[in-house]
file my_file-v8.cif (mmCIF, C-alpha atoms and all ligand atoms)
data_final
#
loop_
_atom_site.label_atom_id
_atom_site.label_comp_id
_atom_site.auth_asym_id
_atom_site.auth_seq_id
_atom_site.Cartn_x
_atom_site.Cartn_y
_atom_site.Cartn_z
CA MET W 1 5.47 -49.63 -129.16
CA HIS W 2 2.83 -46.89 -129.24
CA PRO W 3 4.10 -44.34 -131.82
CA MET W 4 3.37 -41.46 -129.44
CA LEU W 5 5.44 -43.10 -126.70
CA ASN W 6 8.35 -43.20 -129.12
CA ILE W 7 7.97 -39.47 -129.68
CA ALA W 8 7.82 -38.83 -125.93
CA ILE W 9 10.98 -40.90 -125.36
CA ARG W 10 12.88 -39.08 -128.07
CA ALA W 11 11.94 -35.72 -126.53
CA ALA W 12 12.75 -36.87 -122.98
CA ARG W 13 16.18 -38.16 -123.99
CA LYS W 14 17.01 -34.90 -125.80
CA ALA W 15 16.03 -32.85 -122.74
CA GLY W 16 17.82 -35.25 -120.38
CA ASN W 17 21.01 -35.07 -122.41
CA HIS W 18 20.81 -31.27 -122.34
CA ILE W 19 20.45 -31.35 -118.53
CA ALA W 20 23.37 -33.77 -118.18
CA LYS W 21 25.57 -31.70 -120.52
CA SER W 22 24.95 -28.56 -118.47
CA LEU W 23 26.80 -30.22 -115.56
CA GLU W 24 30.02 -30.06 -117.56
CA LYS W 25 29.93 -26.25 -117.50
CA ALA W 26 28.78 -24.97 -114.11
CA ASP W 27 28.54 -21.38 -115.37
CA SER W 28 25.96 -22.44 -118.01
CA VAL W 29 23.35 -22.79 -115.23
CA GLN W 30 21.61 -19.62 -114.07
CA VAL W 31 19.37 -20.01 -111.05
CA SER W 32 16.48 -17.71 -110.21
CA THR W 33 13.62 -17.74 -107.71
CA LYS W 34 10.01 -18.23 -108.88
CA GLY W 35 8.38 -18.05 -105.48
CA PHE W 36 8.89 -19.00 -101.83
CA ASN W 37 11.47 -21.83 -101.79
CA ASP W 38 10.85 -22.34 -105.50
CA LEU W 39 13.88 -22.31 -107.80
CA VAL W 40 14.07 -22.41 -111.58
CA THR W 41 17.04 -22.42 -113.96
CA ASN W 42 17.58 -21.59 -117.60
CA ILE W 43 18.12 -25.34 -118.08
CA ASP W 44 14.53 -26.10 -116.94
CA LYS W 45 13.24 -23.64 -119.54
CA GLU W 46 15.58 -24.75 -122.33
CA ALA W 47 14.71 -28.39 -121.69
CA GLU W 48 10.99 -27.65 -121.90
CA ALA W 49 11.43 -25.69 -125.14
CA MET W 50 13.39 -28.64 -126.60
CA ILE W 51 10.67 -31.12 -125.63
CA ILE W 52 7.94 -29.01 -127.18
CA GLU W 53 9.92 -28.44 -130.37
CA SER W 54 10.72 -32.14 -130.64
CA ILE W 55 7.08 -33.24 -130.17
CA LYS W 56 5.76 -30.48 -132.43
CA SER W 57 7.93 -31.70 -135.30
CA SER W 58 5.76 -34.87 -135.30
CA TYR W 59 2.48 -33.46 -133.93
CA PRO W 60 2.28 -29.75 -134.85
CA GLU W 61 -1.41 -29.49 -133.90
CA HIS W 62 -1.22 -30.88 -130.36
CA CYS W 63 -1.61 -28.81 -127.16
CA PHE W 64 0.97 -28.52 -124.37
CA ALA W 65 0.87 -27.82 -120.64
CA GLY W 66 4.35 -27.44 -119.20
CA GLU W 67 5.61 -26.20 -115.87
CA GLU W 68 7.80 -23.42 -117.23
CA LEU W 69 6.19 -22.30 -120.48
CA GLY W 70 2.55 -22.76 -119.46
CA VAL W 71 -0.27 -23.79 -121.74
CA ILE W 72 0.25 -23.74 -125.49
CA GLU W 73 -2.97 -24.29 -127.42
CA GLY W 74 -2.99 -26.25 -130.67
CA ARG W 75 -5.72 -27.07 -133.14
CA ASP W 76 -6.08 -30.64 -131.89
CA LYS W 77 -7.79 -30.07 -128.52
CA GLU W 78 -8.02 -33.82 -127.84
CA CYS W 79 -4.27 -34.24 -127.35
CA GLN W 80 -2.35 -32.43 -124.63
CA TRP W 81 1.23 -33.16 -123.57
CA ILE W 82 1.88 -32.57 -119.86
CA ILE W 83 5.53 -31.76 -119.27
CA ASP W 84 7.86 -31.32 -116.32
CA PRO W 85 11.20 -30.70 -118.03
CA LEU W 86 13.17 -31.11 -114.80
CA ASP W 87 11.49 -32.66 -111.79
CA GLY W 88 13.86 -32.17 -108.88
CA THR W 89 15.21 -28.69 -109.62
CA ALA W 90 16.23 -28.15 -105.98
CA ASN W 91 18.44 -31.27 -106.25
CA PHE W 92 19.78 -30.19 -109.65
CA VAL W 93 20.92 -26.73 -108.53
CA ARG W 94 22.82 -28.28 -105.61
CA GLY W 95 24.51 -30.96 -107.69
CA LEU W 96 22.48 -33.69 -106.01
CA PRO W 97 22.08 -36.19 -108.85
CA HIS W 98 18.43 -37.17 -108.51
CA TYR W 99 16.02 -35.58 -110.99
CA ALA W 100 14.16 -36.48 -114.15
CA VAL W 101 12.30 -35.37 -117.25
CA SER W 102 8.58 -36.21 -117.11
CA ILE W 103 6.30 -36.32 -120.17
CA ALA W 104 2.72 -37.61 -120.40
CA LEU W 105 0.14 -37.46 -123.18
CA LYS W 106 -3.48 -36.85 -122.24
CA MET W 107 -5.95 -37.84 -124.98
CA ARG W 108 -9.64 -37.10 -124.56
CA GLY W 109 -9.12 -36.52 -120.86
CA ARG W 110 -7.15 -39.72 -120.17
CA ILE W 111 -3.38 -40.24 -119.81
CA GLU W 112 -2.42 -42.66 -122.60
CA VAL W 113 1.39 -42.71 -122.68
CA ALA W 114 4.02 -41.68 -120.17
CA CYS W 115 7.76 -41.53 -119.82
CA VAL W 116 10.08 -40.40 -117.03
CA TYR W 117 13.77 -40.22 -117.86
CA ASP W 118 16.54 -40.02 -115.24
CA PRO W 119 19.58 -38.75 -117.16
CA MET W 120 21.98 -39.39 -114.27
CA ARG W 121 21.31 -43.12 -114.14
CA ASN W 122 20.17 -43.48 -117.75
CA GLU W 123 16.92 -44.97 -116.48
CA LEU W 124 13.87 -44.69 -118.69
CA PHE W 125 10.48 -45.50 -117.14
CA THR W 126 7.66 -45.89 -119.65
CA ALA W 127 4.02 -46.94 -119.86
CA THR W 128 1.18 -47.10 -122.32
CA ARG W 129 -2.33 -47.42 -120.90
CA GLY W 130 -3.33 -51.08 -120.69
CA GLN W 131 0.10 -52.37 -121.66
CA GLY W 132 2.13 -52.44 -118.46
CA ALA W 133 5.13 -50.41 -117.35
CA GLN W 134 8.81 -50.78 -118.18
CA LEU W 135 12.19 -49.67 -116.92
CA ASN W 136 14.69 -49.63 -119.80
CA ASN W 137 12.31 -51.93 -121.74
CA GLN W 138 12.05 -54.50 -118.93
CA ARG W 139 8.65 -55.06 -117.34
CA ILE W 140 8.36 -53.66 -113.79
CA ARG W 141 5.85 -54.41 -111.06
CA ALA W 142 4.94 -52.66 -107.82
CA SER W 143 5.59 -54.51 -104.57
CA GLN W 144 2.86 -56.49 -102.85
CA PRO W 145 3.33 -56.08 -99.10
CA ARG W 146 0.68 -57.38 -96.71
CA ASP W 147 0.46 -54.13 -94.75
CA LEU W 148 2.64 -51.14 -93.80
CA THR W 149 4.97 -53.25 -91.67
CA GLY W 150 8.37 -53.47 -93.31
CA CYS W 151 7.45 -50.96 -96.02
CA LEU W 152 9.70 -48.20 -97.37
CA ILE W 153 7.51 -45.15 -97.99
CA GLY W 154 8.39 -42.12 -100.13
CA THR W 155 7.07 -38.66 -99.42
CA GLY W 156 7.61 -34.96 -100.06
CA PHE W 157 7.74 -32.30 -97.36
CA PRO W 158 5.51 -29.21 -97.64
CA PHE W 159 8.52 -26.93 -98.21
CA ARG W 160 6.45 -24.28 -100.01
CA ALA W 161 3.57 -24.42 -97.53
CA LYS W 162 5.21 -24.41 -94.12
CA GLN W 163 1.95 -23.47 -92.41
CA HIS W 164 1.15 -27.20 -92.70
CA THR W 165 4.37 -28.36 -91.02
CA GLU W 166 2.80 -29.46 -87.75
CA SER W 167 -0.02 -31.52 -89.29
CA TYR W 168 2.36 -32.99 -91.86
CA MET W 169 4.89 -33.96 -89.19
CA ASN W 170 2.18 -35.67 -87.13
CA LEU W 171 1.25 -37.64 -90.25
CA LEU W 172 4.89 -38.44 -90.93
CA THR W 173 5.43 -39.61 -87.35
CA SER W 174 2.52 -41.98 -87.66
CA VAL W 175 3.70 -43.35 -91.05
CA PHE W 176 7.27 -43.70 -89.83
CA THR W 177 6.15 -45.49 -86.66
CA ASP W 178 4.19 -48.15 -88.53
CA SER W 179 6.48 -48.64 -91.57
CA ALA W 180 10.14 -49.67 -91.89
CA ASP W 181 11.44 -46.26 -92.98
CA VAL W 182 10.71 -43.17 -95.04
CA ARG W 183 12.51 -41.47 -97.96
CA ARG W 184 12.24 -37.86 -99.25
CA SER W 185 14.01 -37.89 -102.62
CA GLY W 186 13.07 -34.49 -104.09
CA SER W 187 11.51 -35.79 -107.30
CA ALA W 188 7.86 -36.79 -107.14
CA ALA W 189 7.98 -38.17 -110.70
CA LEU W 190 10.80 -40.55 -109.74
CA ASP W 191 9.07 -41.41 -106.44
CA LEU W 192 6.05 -42.67 -108.40
CA CYS W 193 8.31 -44.60 -110.79
CA TYR W 194 10.11 -46.12 -107.82
CA VAL W 195 6.76 -47.36 -106.52
CA ALA W 196 6.24 -48.86 -109.99
CA ALA W 197 9.62 -50.60 -109.80
CA GLY W 198 9.09 -51.88 -106.24
CA ARG W 199 11.92 -49.70 -104.94
CA LEU W 200 9.41 -47.92 -102.73
CA ASP W 201 6.31 -49.65 -101.37
CA GLY W 202 4.24 -46.48 -101.29
CA PHE W 203 4.32 -42.72 -101.73
CA PHE W 204 2.29 -39.76 -100.50
CA GLU W 205 2.60 -36.01 -100.99
CA PHE W 206 0.19 -33.10 -101.10
CA GLY W 207 0.11 -29.91 -103.17
CA LEU W 208 1.74 -31.37 -106.28
CA LYS W 209 1.05 -30.14 -109.82
CA PRO W 210 -0.27 -32.16 -112.78
CA TRP W 211 3.19 -32.17 -114.42
CA ASP W 212 4.74 -33.75 -111.29
CA ILE W 213 2.18 -36.57 -111.31
CA ALA W 214 0.78 -37.29 -114.78
CA ALA W 215 3.53 -39.55 -116.17
CA GLY W 216 4.61 -41.25 -112.93
CA ASP W 217 1.01 -42.04 -112.06
CA LEU W 218 0.35 -43.99 -115.28
CA ILE W 219 3.67 -45.82 -114.87
CA ALA W 220 2.81 -46.78 -111.27
CA ARG W 221 -0.73 -47.89 -112.16
CA GLU W 222 0.47 -49.90 -115.14
CA ALA W 223 2.88 -51.62 -112.75
CA GLY W 224 -0.06 -52.68 -110.58
CA ALA W 225 -0.19 -49.87 -108.00
CA ILE W 226 -3.23 -47.73 -107.33
CA THR W 227 -3.23 -43.95 -107.00
CA THR W 228 -5.79 -41.96 -105.06
CA ASP W 229 -6.22 -38.46 -103.72
CA PHE W 230 -6.41 -37.85 -99.98
CA THR W 231 -10.10 -38.80 -99.87
CA GLY W 232 -9.51 -42.14 -101.61
CA ASN W 233 -10.97 -40.84 -104.88
CA THR W 234 -9.21 -40.27 -108.20
CA ASN W 235 -9.19 -36.49 -108.35
CA TYR W 236 -5.43 -36.32 -107.69
CA LEU W 237 -4.39 -34.59 -110.93
CA ALA W 238 -6.62 -31.65 -109.98
CA SER W 239 -6.00 -31.60 -106.20
CA GLY W 240 -2.29 -32.47 -106.37
CA ASN W 241 -2.73 -34.74 -103.34
CA VAL W 242 -1.39 -38.20 -104.08
CA VAL W 243 -1.24 -41.56 -102.35
CA CYS W 244 0.22 -44.40 -104.40
CA GLY W 245 1.09 -48.05 -103.86
CA ASN W 246 -0.47 -51.43 -103.40
CA PRO W 247 -4.05 -51.15 -102.00
CA ARG W 248 -2.82 -52.75 -98.77
CA VAL W 249 -0.40 -49.83 -98.36
CA VAL W 250 -2.69 -47.08 -99.65
CA LYS W 251 -5.48 -48.04 -97.23
CA PRO W 252 -3.51 -47.51 -93.99
CA LEU W 253 -1.88 -44.37 -95.45
CA LEU W 254 -5.33 -42.93 -96.19
CA ALA W 255 -6.47 -43.71 -92.65
CA LYS W 256 -3.48 -41.80 -91.26
CA ILE W 257 -4.11 -38.88 -93.63
CA ARG W 258 -7.74 -38.76 -92.48
CA GLU W 259 -6.53 -38.63 -88.90
CA HIS W 260 -3.76 -36.03 -89.22
CA ALA W 261 -4.20 -33.87 -92.33
CA ASN W 262 -5.75 -30.47 -91.74
CA GLU W 263 -8.44 -28.99 -93.98
CA GLY W 264 -5.95 -26.95 -96.01
CA MET W 265 -4.00 -30.10 -96.93
CA MET W 266 -7.12 -31.94 -98.08
CA LYS W 267 -8.13 -29.29 -100.65
C1 LIG X 301 9.17 -30.78 -107.13
C2 LIG X 301 9.61 -32.19 -106.84
C3 LIG X 301 9.58 -32.44 -105.34
C4 LIG X 301 8.23 -32.17 -104.76
C5 LIG X 301 7.77 -30.79 -105.12
C6 LIG X 301 7.78 -30.59 -106.64
P1 LIG X 301 10.18 -29.43 -109.24
O1 LIG X 301 9.17 -30.52 -108.53
O2 LIG X 301 8.78 -33.13 -107.46
O3 LIG X 301 9.91 -33.77 -105.02
O4 LIG X 301 8.29 -32.30 -103.36
O5 LIG X 301 6.50 -30.56 -104.61
O6 LIG X 301 7.35 -29.31 -106.95
O7 LIG X 301 9.80 -28.10 -108.72
O8 LIG X 301 11.55 -29.82 -108.89
O9 LIG X 301 9.83 -29.62 -110.68
CA CA X 302 8.06 -31.07 -110.60
CA CA X 303 10.13 -28.88 -112.71
#

call {"tool": "encode", "arguments": {"input": "my_file-v8.cif", "output": "structure tokens"}}
result
Amino acid sequence: MHPMLNIAIRAARKAGNHIAKSLEKADSVQVSTKGFNDLVTNIDKEAEAMIIESIKSSYPEHCFAGEELGVIEGRDKECQWIIDPLDGTANFVRGLPHYAVSIALKMRGRIEVACVYDPMRNELFTATRGQGAQLNNQRIRASQPRDLTGCLIGTGFPFRAKQHTESYMNLLTSVFTDSADVRRSGSAALDLCYVAAGRLDGFFEFGLKPWDIAAGDLIAREAGAITTDFTGNTNYLASGNVVCGNPRVVKPLLAKIREHANEGMMK
């Protein structure tokens, strides 16, 4: 195994165990609001601090970009860890057991290793560039449907950007009409991993952040899926607009996005 993946896994498990432990004492979780419909807890922040400390003990010169603690510069500018300590905070604060720790390492501009850890199910999704993707050390592969018919598609609603509700709902109607069904799980990192594992046939969401996407994207691509932005290009880490799945699923999803998404959603 890639030595840096080992380090990522160790950090993800520590953070995941901390998140799971916090459930035993409800009063250990303090919730606050970061922005419109945007919650954060002390556990998100503590988990991120643990991940950084854990990785720094092996790689003290690396850089970090995390959701809660921001960018931390190190001397080695070629290595940056992209961290979402708790993807699915809205689920977590409500006791809905679907969330994960997401850690990716970007080296010279390219994501090299990734892990997403679901502490509730003890499921560890991992990937190293060029070496496939695993769930708990077993190789996983994305599904290979012929078209959207019969597909289960994951998505995320624009709950922080409700001005896009109408366009998004038109898009959703069209996807729902032509697929088998749709899921909105509340964790984009797990959605991408579920595409990797064939649990979902495809996924689309707009307005995500690099820490939501970076690890799950490598895992999905290493499992044979493709990821694009809403224009069919690969600028999704910057735009936050993601379509993922087998090319035969991504293509019709992109056509629907072209038809229904408004300009603000395409940015
Ligand atoms: C959120 C989750 C959710 C997605 C949001 C993300 P957070 O991450 O991934 O599924 O719809 O856009 O922000 O805030 O729980 O880390
Ligand atoms: Ca997130
Ligand atoms: Ca988060």

call {"tool": "closest_residue", "arguments": {"input": "my_file-v8.cif", "among": "W:Gly198, W:His164, W:Gly156, W:Ile103", "to": "W:Val242", "atoms": "all atoms listed in the file"}}
result
W:Gly156

call {"tool": "residues_near_ligand", "arguments": {"input": "my_file-v8.cif", "ligand": "ligand CA 302 (chain X)", "cutoff": "8 Å", "atoms": "all atoms listed in the file", "output": "PyMOL selection string"}}
result
chain W and resi 67+84+86-89+187-189+208-209+211-212

call {"tool": "write_last_selection", "arguments": {"input": "my_file-v8.cif", "atoms": "C-alpha atoms", "output": "PDB file, in the coordinates of the input"}}
result
ATOM      1  CA  GLU W  67       5.610 -26.200-115.870  1.00  0.00           C
ATOM      2  CA  ASP W  84       7.860 -31.320-116.320  1.00  0.00           C
ATOM      3  CA  LEU W  86      13.170 -31.110-114.800  1.00  0.00           C
ATOM      4  CA  ASP W  87      11.490 -32.660-111.790  1.00  0.00           C
ATOM      5  CA  GLY W  88      13.860 -32.170-108.880  1.00  0.00           C
ATOM      6  CA  THR W  89      15.210 -28.690-109.620  1.00  0.00           C
ATOM      7  CA  SER W 187      11.510 -35.790-107.300  1.00  0.00           C
ATOM      8  CA  ALA W 188       7.860 -36.790-107.140  1.00  0.00           C
ATOM      9  CA  ALA W 189       7.980 -38.170-110.700  1.00  0.00           C
ATOM     10  CA  LEU W 208       1.740 -31.370-106.280  1.00  0.00           C
ATOM     11  CA  LYS W 209       1.050 -30.140-109.820  1.00  0.00           C
ATOM     12  CA  TRP W 211       3.190 -32.170-114.420  1.00  0.00           C
ATOM     13  CA  ASP W 212       4.740 -33.750-111.290  1.00  0.00           C
TER      14      ASP W 212
END

call {"tool": "residues_around", "arguments": {"input": "my_file-v8.cif", "residues": "stretch 146-148 of chain W", "least_positions_apart": "3", "cutoff": "12 Å", "atoms": "all atoms listed in the file", "output": "MDAnalysis selection string"}}
result
chainID W and resid 143 151:153 174:182 200:203 245:256

call {"tool": "atom_distance", "arguments": {"input": "my_file-v8.cif", "atom1": "atom CA of W:Ile219", "atom2": "atom CA of W:Ala127"}}
result
5.1 Å

call {"tool": "closest_residue", "arguments": {"input": "my_file-v8.cif", "among": "W:Cys63, W:Cys193, W:Leu124, W:Leu172", "to": "W:Pro158", "atoms": "all atoms listed in the file"}}
result
W:Leu172

call {"tool": "atom_distance", "arguments": {"input": "my_file-v8.cif", "atom1": "atom CA of W:Gly109", "atom2": "atom CA of W:Cys79"}}
result
8.4 Å

call {"tool": "residues_around", "arguments": {"input": "my_file-v8.cif", "residues": "W:Arg221", "least_positions_apart": "4", "cutoff": "10 Å", "atoms": "all atoms listed in the file", "output": "VMD selection string"}}
result
chain W and resid 127 129 to 130 132 to 133 141 to 142 192 to 193 195 to 196 216 to 217 225 to 227 244 to 246
